[in-house]
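*Asks:* I am sharing query.cif, which consists of mmCIF, C-alpha atoms:
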```cif
data_my_file
#
loop_
_atom_site.label_atom_id
_atom_site.label_comp_id
_atom_site.auth_asym_id
_atom_site.auth_seq_id
_atom_site.Cartn_x
_atom_site.Cartn_y
_atom_site.Cartn_z
CA MET A 1 -27.82 -13.49 18.44
CA SER A 2 -26.71 -15.47 15.44
CA THR A 3 -23.36 -17.17 15.25
CA PRO A 4 -20.73 -14.94 13.58
CA ALA A 5 -19.91 -15.91 10.02
CA THR A 6 -16.16 -16.45 10.09
CA ALA A 7 -14.24 -15.27 7.04
CA SER A 8 -12.42 -17.84 4.99
CA THR A 9 -8.75 -18.21 5.85
CA THR A 10 -5.57 -19.31 4.13
CA THR A 11 -1.96 -19.78 5.14
CA THR A 12 -0.50 -19.06 1.72
CA VAL A 13 1.90 -16.14 1.61
CA THR A 14 1.04 -13.94 -1.38
CA GLN A 15 2.58 -10.91 -3.00
CA LEU A 16 0.75 -7.64 -2.54
CA PRO A 17 -1.11 -6.74 -5.76
CA GLN A 18 -0.06 -3.76 -7.78
CA ARG A 19 -2.55 -1.46 -6.07
CA ARG A 20 -5.11 -1.82 -3.27
CA ARG A 21 -8.22 0.31 -3.25
CA ALA A 22 -7.88 1.12 0.45
CA VAL A 23 -5.74 -0.01 3.39
CA PHE A 24 -6.34 0.49 7.12
CA ILE A 25 -3.68 0.34 9.85
CA SER A 26 -3.85 1.34 13.50
CA ASP A 27 -2.13 0.98 16.86
CA VAL A 28 1.38 1.44 15.54
CA HIS A 29 2.52 3.15 18.77
CA LEU A 30 5.53 4.85 17.23
CA GLY A 31 7.74 6.14 20.03
CA SER A 32 6.96 3.29 22.44
CA LYS A 33 9.29 0.40 23.20
CA HIS A 34 6.92 -2.26 21.82
CA CYS A 35 6.43 -0.91 18.27
CA HIS A 36 7.58 -3.23 15.45
CA ALA A 37 8.61 -0.31 13.26
CA ASN A 38 10.92 -2.23 10.90
CA GLN A 39 8.18 -4.67 9.90
CA LEU A 40 5.72 -1.81 9.34
CA ALA A 41 8.24 0.13 7.25
CA ASP A 42 8.81 -2.93 5.05
CA PHE A 43 5.04 -3.38 4.66
CA LEU A 44 4.48 0.28 3.72
CA GLN A 45 7.36 0.34 1.24
CA ALA A 46 5.81 -2.60 -0.64
CA LEU A 47 2.32 -1.12 -0.48
CA ARG A 48 0.45 0.58 -3.32
CA CYS A 49 -3.03 1.90 -2.54
CA ASP A 50 -5.42 4.69 -3.46
CA ARG A 51 -6.32 5.54 0.13
CA LEU A 52 -4.59 4.78 3.43
CA TYR A 53 -6.51 5.14 6.69
CA LEU A 54 -4.43 5.69 9.83
CA VAL A 55 -6.97 4.52 12.39
CA GLY A 56 -5.49 5.91 15.60
CA ASP A 57 -2.59 5.41 17.99
CA ILE A 58 -0.09 5.88 15.17
CA VAL A 59 2.30 8.00 17.24
CA ASP A 60 2.14 7.09 20.93
CA LEU A 61 2.08 10.58 22.40
CA TRP A 62 0.84 9.16 25.71
CA TRP A 63 3.86 6.87 26.06
CA MET A 64 6.27 9.62 25.02
CA ALA A 65 4.84 11.94 27.69
CA GLN A 66 4.77 9.33 30.46
CA ARG A 67 7.91 7.32 29.72
CA ARG A 68 11.18 7.59 27.85
CA ALA A 69 10.52 7.90 24.12
CA ARG A 70 11.98 5.25 21.83
CA TRP A 71 12.74 6.61 18.37
CA GLY A 72 15.32 5.30 15.95
CA ASN A 73 16.03 4.68 12.28
CA ALA A 74 13.16 2.18 11.97
CA HIS A 75 10.67 4.81 13.13
CA ASN A 76 12.09 7.30 10.62
CA ARG A 77 11.66 4.66 7.90
CA VAL A 78 7.93 4.48 8.72
CA ILE A 79 7.54 8.25 8.37
CA GLU A 80 9.53 8.27 5.12
CA ALA A 81 7.38 5.43 3.74
CA LEU A 82 4.20 7.41 4.51
CA HIS A 83 5.63 10.44 2.71
CA ALA A 84 6.54 8.25 -0.27
CA LEU A 85 2.98 6.89 -0.45
CA ARG A 86 1.58 10.41 -0.38
CA ARG A 87 3.93 11.46 -3.19
CA ASP A 88 2.81 8.40 -5.16
CA GLY A 89 -0.78 9.66 -5.04
CA THR A 90 -2.13 7.85 -1.98
CA GLU A 91 -4.66 9.87 0.00
CA LEU A 92 -3.99 9.71 3.75
CA ILE A 93 -6.82 9.95 6.28
CA TYR A 94 -5.85 10.19 9.95
CA VAL A 95 -8.45 9.18 12.55
CA PRO A 96 -6.70 9.82 15.92
CA GLY A 97 -7.09 7.43 18.85
CA ASN A 98 -6.61 7.69 22.58
CA HIS A 99 -2.79 7.51 22.53
CA ASP A 100 -2.55 10.30 19.92
CA ARG A 101 -5.59 12.18 21.27
CA PRO A 102 -4.03 15.71 20.97
CA ILE A 103 -4.20 15.35 17.17
CA ARG A 104 -8.00 15.44 17.49
CA ARG A 105 -7.68 19.20 17.85
CA PHE A 106 -6.93 19.23 14.11
CA CYS A 107 -10.00 17.22 13.09
CA GLY A 108 -11.58 18.76 10.02
CA LEU A 109 -8.21 19.91 8.72
CA ALA A 110 -7.54 19.09 5.08
CA LEU A 111 -3.92 19.19 3.89
CA PRO A 112 -2.68 18.21 0.42
CA ARG A 113 -3.62 14.51 0.13
CA MET A 114 -4.24 14.22 3.88
CA GLN A 115 -7.28 14.71 6.08
CA VAL A 116 -7.75 14.51 9.86
CA ARG A 117 -11.15 13.18 10.94
CA ARG A 118 -12.68 12.27 14.30
CA ARG A 119 -14.39 9.38 12.51
CA THR A 120 -15.34 8.81 8.89
CA ILE A 121 -17.30 6.55 6.53
CA HIS A 122 -15.60 4.45 3.88
CA THR A 123 -17.68 3.16 0.96
CA THR A 124 -16.32 0.00 -0.61
CA ALA A 125 -16.38 -0.72 -4.34
CA ASP A 126 -19.37 -3.02 -3.84
CA GLY A 127 -21.36 -0.33 -2.00
CA ARG A 128 -20.87 -1.26 1.67
CA ARG A 129 -20.69 1.79 3.96
CA LEU A 130 -18.30 1.21 6.87
CA LEU A 131 -17.79 3.37 9.94
CA VAL A 132 -14.07 4.02 10.47
CA THR A 133 -13.22 4.88 14.08
CA HIS A 134 -10.40 4.02 16.46
CA GLY A 135 -12.68 2.39 19.02
CA ASP A 136 -11.86 4.10 22.33
CA ASP A 137 -15.33 5.67 22.28
CA TYR A 138 -16.62 2.28 23.44
CA ASP A 139 -14.47 2.14 26.58
CA ALA A 140 -17.33 3.33 28.77
CA GLN A 141 -19.37 0.32 27.62
CA THR A 142 -16.58 -2.24 27.81
CA HIS A 143 -14.40 -1.20 30.78
CA PHE A 144 -15.77 -1.67 34.27
CA GLY A 145 -12.79 -0.11 36.09
CA SER A 146 -12.20 -3.14 38.31
CA LEU A 147 -8.98 -3.94 40.12
CA GLN A 148 -8.73 -7.00 37.89
CA GLU A 149 -8.63 -4.79 34.78
CA LYS A 150 -5.99 -2.48 36.28
CA LEU A 151 -3.86 -5.47 37.15
CA GLY A 152 -4.45 -6.76 33.62
CA ASP A 153 -3.10 -3.51 32.12
CA TRP A 154 0.05 -3.78 34.24
CA LEU A 155 0.53 -7.41 33.30
CA TYR A 156 -0.13 -6.69 29.61
CA TYR A 157 2.90 -4.43 29.24
CA ARG A 158 5.10 -7.06 30.95
CA ILE A 159 3.81 -9.66 28.49
CA LEU A 160 4.64 -7.36 25.56
CA SER A 161 8.24 -7.09 26.78
CA GLY A 162 8.39 -10.88 27.02
CA ASN A 163 6.94 -11.09 23.50
CA GLN A 164 9.83 -8.99 22.15
CA LEU A 165 12.47 -11.16 23.80
CA PHE A 166 10.71 -14.33 22.66
CA ASN A 167 10.62 -13.20 19.01
CA HIS A 168 14.20 -11.94 19.12
CA LEU A 169 15.18 -15.53 19.95
CA ARG A 170 12.93 -16.90 17.18
CA ARG A 171 14.57 -14.57 14.62
CA ALA A 172 18.01 -15.71 15.77
CA LEU A 173 16.90 -19.30 15.11
CA GLY A 174 15.55 -18.39 11.66
CA MET A 175 11.92 -18.75 12.72
CA ARG A 176 9.03 -16.47 11.70
CA TYR A 177 7.25 -14.00 13.98
CA TRP A 178 4.66 -15.48 16.35
CA SER A 179 2.75 -13.48 18.94
CA LEU A 180 3.25 -14.97 22.38
CA SER A 181 1.23 -12.12 23.89
CA GLU A 182 -1.72 -12.82 21.59
CA PHE A 183 -1.61 -16.50 22.51
CA LEU A 184 -1.62 -15.72 26.24
CA LYS A 185 -4.50 -13.26 25.89
CA ARG A 186 -6.61 -15.91 24.17
CA GLN A 187 -6.20 -18.10 27.23
CA SER A 188 -7.75 -15.42 29.45
CA GLY A 189 -11.51 -15.62 29.91
CA ALA A 190 -11.62 -12.00 31.14
CA ALA A 191 -9.82 -10.79 28.01
CA GLU A 192 -12.17 -12.73 25.74
CA ARG A 193 -15.25 -11.34 27.50
CA TYR A 194 -13.89 -7.80 27.14
CA ILE A 195 -13.26 -8.31 23.42
CA ALA A 196 -16.77 -9.71 22.94
CA ARG A 197 -18.25 -6.58 24.59
CA PHE A 198 -16.11 -4.36 22.35
CA VAL A 199 -17.14 -6.15 19.16
CA GLN A 200 -20.82 -5.87 20.03
CA ALA A 201 -20.49 -2.17 20.96
CA GLY A 202 -18.92 -1.42 17.58
CA LEU A 203 -21.52 -3.34 15.62
CA ASP A 204 -24.33 -1.69 17.60
CA ASP A 205 -22.87 1.73 16.77
CA ALA A 206 -22.75 0.91 13.06
CA SER A 207 -26.33 -0.35 13.25
CA ARG A 208 -27.59 2.83 14.92
CA ARG A 209 -25.98 4.87 12.16
CA GLY A 210 -27.59 2.74 9.45
CA LEU A 211 -24.21 1.52 8.18
CA ASP A 212 -23.06 -1.84 6.90
CA GLY A 213 -20.27 -2.37 9.40
CA ILE A 214 -17.28 -0.98 11.21
CA VAL A 215 -13.50 -0.76 10.79
CA CYS A 216 -11.62 -0.12 14.03
CA GLY A 217 -8.53 -0.92 16.08
CA HIS A 218 -7.84 -0.11 19.76
CA ILE A 219 -8.03 -3.59 21.32
CA HIS A 220 -5.04 -5.13 19.53
CA ARG A 221 -7.07 -8.08 18.25
CA ALA A 222 -7.22 -8.42 14.47
CA ALA A 223 -10.50 -9.86 13.15
CA LEU A 224 -12.67 -9.90 10.05
CA PHE A 225 -16.16 -11.44 9.93
CA GLU A 226 -19.85 -10.72 9.44
CA ARG A 227 -22.50 -10.90 12.14
CA ASP A 228 -26.18 -10.36 11.42
CA GLY A 229 -25.29 -9.00 7.99
CA ARG A 230 -22.82 -6.40 9.27
CA VAL A 231 -19.05 -6.35 8.82
CA TYR A 232 -16.75 -6.28 11.83
CA ALA A 233 -13.19 -5.49 10.75
CA ASN A 234 -10.43 -4.83 13.24
CA ASP A 235 -7.15 -4.09 11.48
CA GLY A 236 -5.10 -5.25 14.48
CA ASP A 237 -1.91 -3.50 15.55
CA TRP A 238 1.86 -3.31 15.14
CA VAL A 239 2.90 -4.36 18.62
CA GLU A 240 1.31 -7.85 18.65
CA SER A 241 -0.54 -9.04 15.55
CA LEU A 242 1.42 -6.98 12.95
CA SER A 243 -1.59 -6.81 10.64
CA ALA A 244 -3.58 -4.51 8.36
CA LEU A 245 -6.95 -4.49 6.62
CA ALA A 246 -7.11 -4.06 2.85
CA GLU A 247 -9.86 -3.57 0.28
CA ASP A 248 -9.30 -5.08 -3.16
CA PRO A 249 -10.47 -3.30 -6.32
CA ASP A 250 -13.70 -5.35 -6.39
CA GLY A 251 -14.63 -4.52 -2.78
CA SER A 252 -13.35 -7.70 -1.17
CA LEU A 253 -11.92 -7.17 2.31
CA ARG A 254 -8.93 -9.07 3.56
CA LEU A 255 -6.87 -9.12 6.73
CA LEU A 256 -3.14 -9.11 5.93
CA SER A 257 -0.11 -10.04 7.98
CA HIS A 258 3.02 -7.91 7.81
CA ASN A 259 4.47 -10.13 5.07
CA GLY A 260 1.40 -10.02 2.81
CA GLU A 261 -0.19 -13.27 3.97
CA THR A 262 -3.99 -13.28 3.79
CA LEU A 263 -5.28 -14.16 7.26
CA ALA A 264 -9.00 -13.75 6.56
CA LEU A 265 -11.16 -12.80 3.58
CA LEU A 266 -14.66 -11.41 3.08
CA PRO A 267 -15.57 -11.60 -0.62
CA ALA A 268 -17.21 -8.70 -2.38
CA ARG A 269 -20.99 -8.61 -2.60
CA THR A 270 -22.07 -9.96 -5.98
CA SER A 271 -24.94 -7.53 -6.64
CA HIS A 272 -22.89 -4.40 -7.24
CA SER A 273 -22.29 -4.48 -11.01
CA SER A 274 -24.08 -1.16 -11.50
CA LEU A 275 -22.28 0.65 -8.70
CA PRO A 276 -19.61 3.25 -9.57
CA GLN A 277 -16.05 2.03 -9.12
CA THR A 278 -14.54 5.46 -8.33
CA LEU A 279 -13.26 6.10 -4.84
CA PRO A 280 -15.72 8.28 -2.90
CA ASP A 281 -14.71 11.20 -0.74
CA ALA A 282 -14.24 10.39 2.93
CA ALA A 283 -17.14 11.57 5.03
#
```
Mind turning the file's structure into structure tokens?

*Replies:*
Amino acid sequence: MSTPATASTTTTVTQLPQRRRAVFISDVHLGSKHCHANQLADFLQALRCDRLYLVGDIVDLWWMAQRRARWGNAHNRVIEALHALRRDGTELIYVPGNHDRPIRRFCGLALPRMQVRRRTIHTTADGRRLLVTHGDDYDAQTHFGSLQEKLGDWLYYRILSGNQLFNHLRRALGMRYWSLSEFLKRQSGAAERYIARFVQAGLDDASRRGLDGIVCGHIHRAALFERDGRVYANDGDWVESLSALAEDPDGSLRLLSHNGETLALLPARTSHSSLPQTLPDAA
């Protein structure tokens, strides 16, 4: 296996351009206690794009059924921002995940400027065909059902609560958001091995389908790189990384933070001058 080609990074905060070609967000978990709804609403209100992919776990129906639902003005702002994008001409494509699984019953449904799909293919401006799927289909290959993993799930939600308190203090001190939970996960060898299995499962799936890469979410680990000529793009989440994936008009892919900072960049392929620049229909 070759070493992954890491995308170039920058720490410069930039303004969102007038209009993105496509944007991908997932793992919002609206209705759960750990959702950063205000930051997402601000991001969506500043966003202009031709197509917005909602790549699963947008509304946390699982949490709302199992625990007390958390829904306030910030959550309503997210919904209102999505409606405003649709009115502005943005096409919405919803690819449900495991926490909003009941919505999969509506897959194949096409509403005005919105589609619900089990999975889909996005073709970039430079001709790359990317599988768009939430990622829970790979759980059978990545989860081993051990006691260690069950304990890890329990501990994870406690860490998320600590992350909220930690960043509440940072805001009070005038400091920017920083994910304590993401930092702690990177110190765990078990978590890193799980993520490596997930990445490989997604790339293998794209390869079997004859595609150029994959866009997914599910594991709450934002990433953007190429391995063996295929794109792996995970748009992250809105409980830890507060990130999204965007495609520029020329086909470049970039990972964005909630404030528009470019975290990683994959430039467009240079041999696409003869390719059409119109946005294709979602598969």

*Asks:* Point out the residue among A:Leu130, A:Ile195, A:Leu30, A:Arg119 with the least atom-to-atom distance to A:Ser207, counting all atoms listed in the file.

*Replies:* A:Leu130

*Asks:* Env of stretch 82-92 of chain A: 12 Å cut, atoms = all atoms listed in the file, seq-sep filter 6 positions within chain, self excluded. Answer as JSON, numbers by chain.

*Replies:* {"A": [19, 20, 21, 22, 23, 24, 25, 40, 41, 42, 43, 44, 45, 46, 47, 48, 49, 50, 51, 52, 53, 54, 55, 58, 75, 76, 110, 111, 112, 113, 114, 115, 116, 117, 279, 280, 281, 282]}

*Asks:* Going by the chain IDs and residue numbers used in this file, which residues fall under the PyMOL selection byres ((chain A and resi 64) around 10)? Write them as a PDB file with C-alpha atoms, in the frame of the given file.

*Replies:*
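File out25.pdb, as written:
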```pdb
ATOM      1  CA  HIS A  29       2.520   3.150  18.770  1.00  0.00           C
ATOM      2  CA  LEU A  30       5.530   4.850  17.230  1.00  0.00           C
ATOM      3  CA  GLY A  31       7.740   6.140  20.030  1.00  0.00           C
ATOM      4  CA  SER A  32       6.960   3.290  22.440  1.00  0.00           C
ATOM      5  CA  LYS A  33       9.290   0.400  23.200  1.00  0.00           C
ATOM      6  CA  VAL A  59       2.300   8.000  17.240  1.00  0.00           C
ATOM      7  CA  ASP A  60       2.140   7.090  20.930  1.00  0.00           C
ATOM      8  CA  LEU A  61       2.080  10.580  22.400  1.00  0.00           C
ATOM      9  CA  TRP A  62       0.840   9.160  25.710  1.00  0.00           C
ATOM     10  CA  TRP A  63       3.860   6.870  26.060  1.00  0.00           C
ATOM     11  CA  ALA A  65       4.840  11.940  27.690  1.00  0.00           C
ATOM     12  CA  GLN A  66       4.770   9.330  30.460  1.00  0.00           C
ATOM     13  CA  ARG A  67       7.910   7.320  29.720  1.00  0.00           C
ATOM     14  CA  ARG A  68      11.180   7.590  27.850  1.00  0.00           C
ATOM     15  CA  ALA A  69      10.520   7.900  24.120  1.00  0.00           C
ATOM     16  CA  ARG A  70      11.980   5.250  21.830  1.00  0.00           C
ATOM     17  CA  TRP A  71      12.740   6.610  18.370  1.00  0.00           C
ATOM     18  CA  HIS A  99      -2.790   7.510  22.530  1.00  0.00           C
TER      19      HIS A  99
END
```

*Asks:* On this structure, which residues satisfy the PyMOL selection byres ((chain A and resi 245) around 10), written as a PyMOL selection string?

*Replies:* chain A and resi 22-26+53+215-216+222-224+233-236+243-244+246-247+253-257+262-265

*Asks:* Neighbouring residues of A:Asp27 were defined as those with any atom within 7 Å, considering all atoms listed in the file; residues of the same chain fewer than 2 positions away were excluded. Please report them as a PyMOL selection string.

*Replies:* chain A and resi 29+56-58+217-218+237-238

*Asks:* Put the listed atoms of stretch 53-60 of chain A in a box along x, y and z with 8 Å added on every side and give me the centre and edge lengths in Å to one decimal, as lines of an AutoDock Vina configuration file.

*Replies:*
```
center_x = -2.3
center_y = 6.3
center_z = 13.8
size_x = 25.3
size_y = 19.5
size_z = 30.2
```

*Asks:* One decimal, Å: what's the distance from atom CA of A:Ala206 over to atom CA of A:Arg101, could you say?

*Replies:*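 The value is 22.1 Å.
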
*Asks:* What separation in Å, quoted to one decimal, exists between atom CA of A:Ala81 and atom CA of A:Asp136?

*Replies:* 26.8 Å

*Asks:* Near A:Leu203, counting only C-alpha atoms, which residues have an atom at most 10 Å away, once you skip same-chain residues fewer than 3 positions from it, shown as an MDAnalysis selection string?

*Replies:* chainID A and resid 131 198:200 206:209 211:215 226:228 230:233

*Asks:* How would the residues just chosen look if you wrote them out with C-alpha atoms as a compact mmCIF listing (two decimals), in the frame of the given file?

*Replies:*
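Contents of out.txt, as written:
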```txt
# COMPACT_ATOMS: atom_id res chain seq x y z
CA LEU A 131 -17.79 3.37 9.94
CA PHE A 198 -16.11 -4.36 22.35
CA VAL A 199 -17.14 -6.15 19.16
CA GLN A 200 -20.82 -5.87 20.03
CA ALA A 206 -22.75 0.91 13.06
CA SER A 207 -26.33 -0.35 13.25
CA ARG A 208 -27.59 2.83 14.92
CA ARG A 209 -25.98 4.87 12.16
CA LEU A 211 -24.21 1.52 8.18
CA ASP A 212 -23.06 -1.84 6.90
CA GLY A 213 -20.27 -2.37 9.40
CA ILE A 214 -17.28 -0.98 11.21
CA VAL A 215 -13.50 -0.76 10.79
CA GLU A 226 -19.85 -10.72 9.44
CA ARG A 227 -22.50 -10.90 12.14
CA ASP A 228 -26.18 -10.36 11.42
CA ARG A 230 -22.82 -6.40 9.27
CA VAL A 231 -19.05 -6.35 8.82
CA TYR A 232 -16.75 -6.28 11.83
CA ALA A 233 -13.19 -5.49 10.75
```

*Asks:* Mind telling me what the PyMOL selection byres ((chain A and resi 105) around 12) catches here, as a VMD selection string?

*Replies:* chain A and resid 95 to 97 100 to 104 106 to 109 116 to 118

*Asks:* Any idea what the distance is between atom CA of A:Asn73 and atom CA of A:Asn38?

*Replies:*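 Between these atoms lies a distance of 8.7 Å.
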
*Asks:* Which residue gives the smallest distance to A:Asn259 among A:Leu242, A:Glu80, A:His134, A:His220, with only C-alpha atoms counted?

*Replies:*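 Of all the options, A:Leu242 lies closest to A:Asn259.
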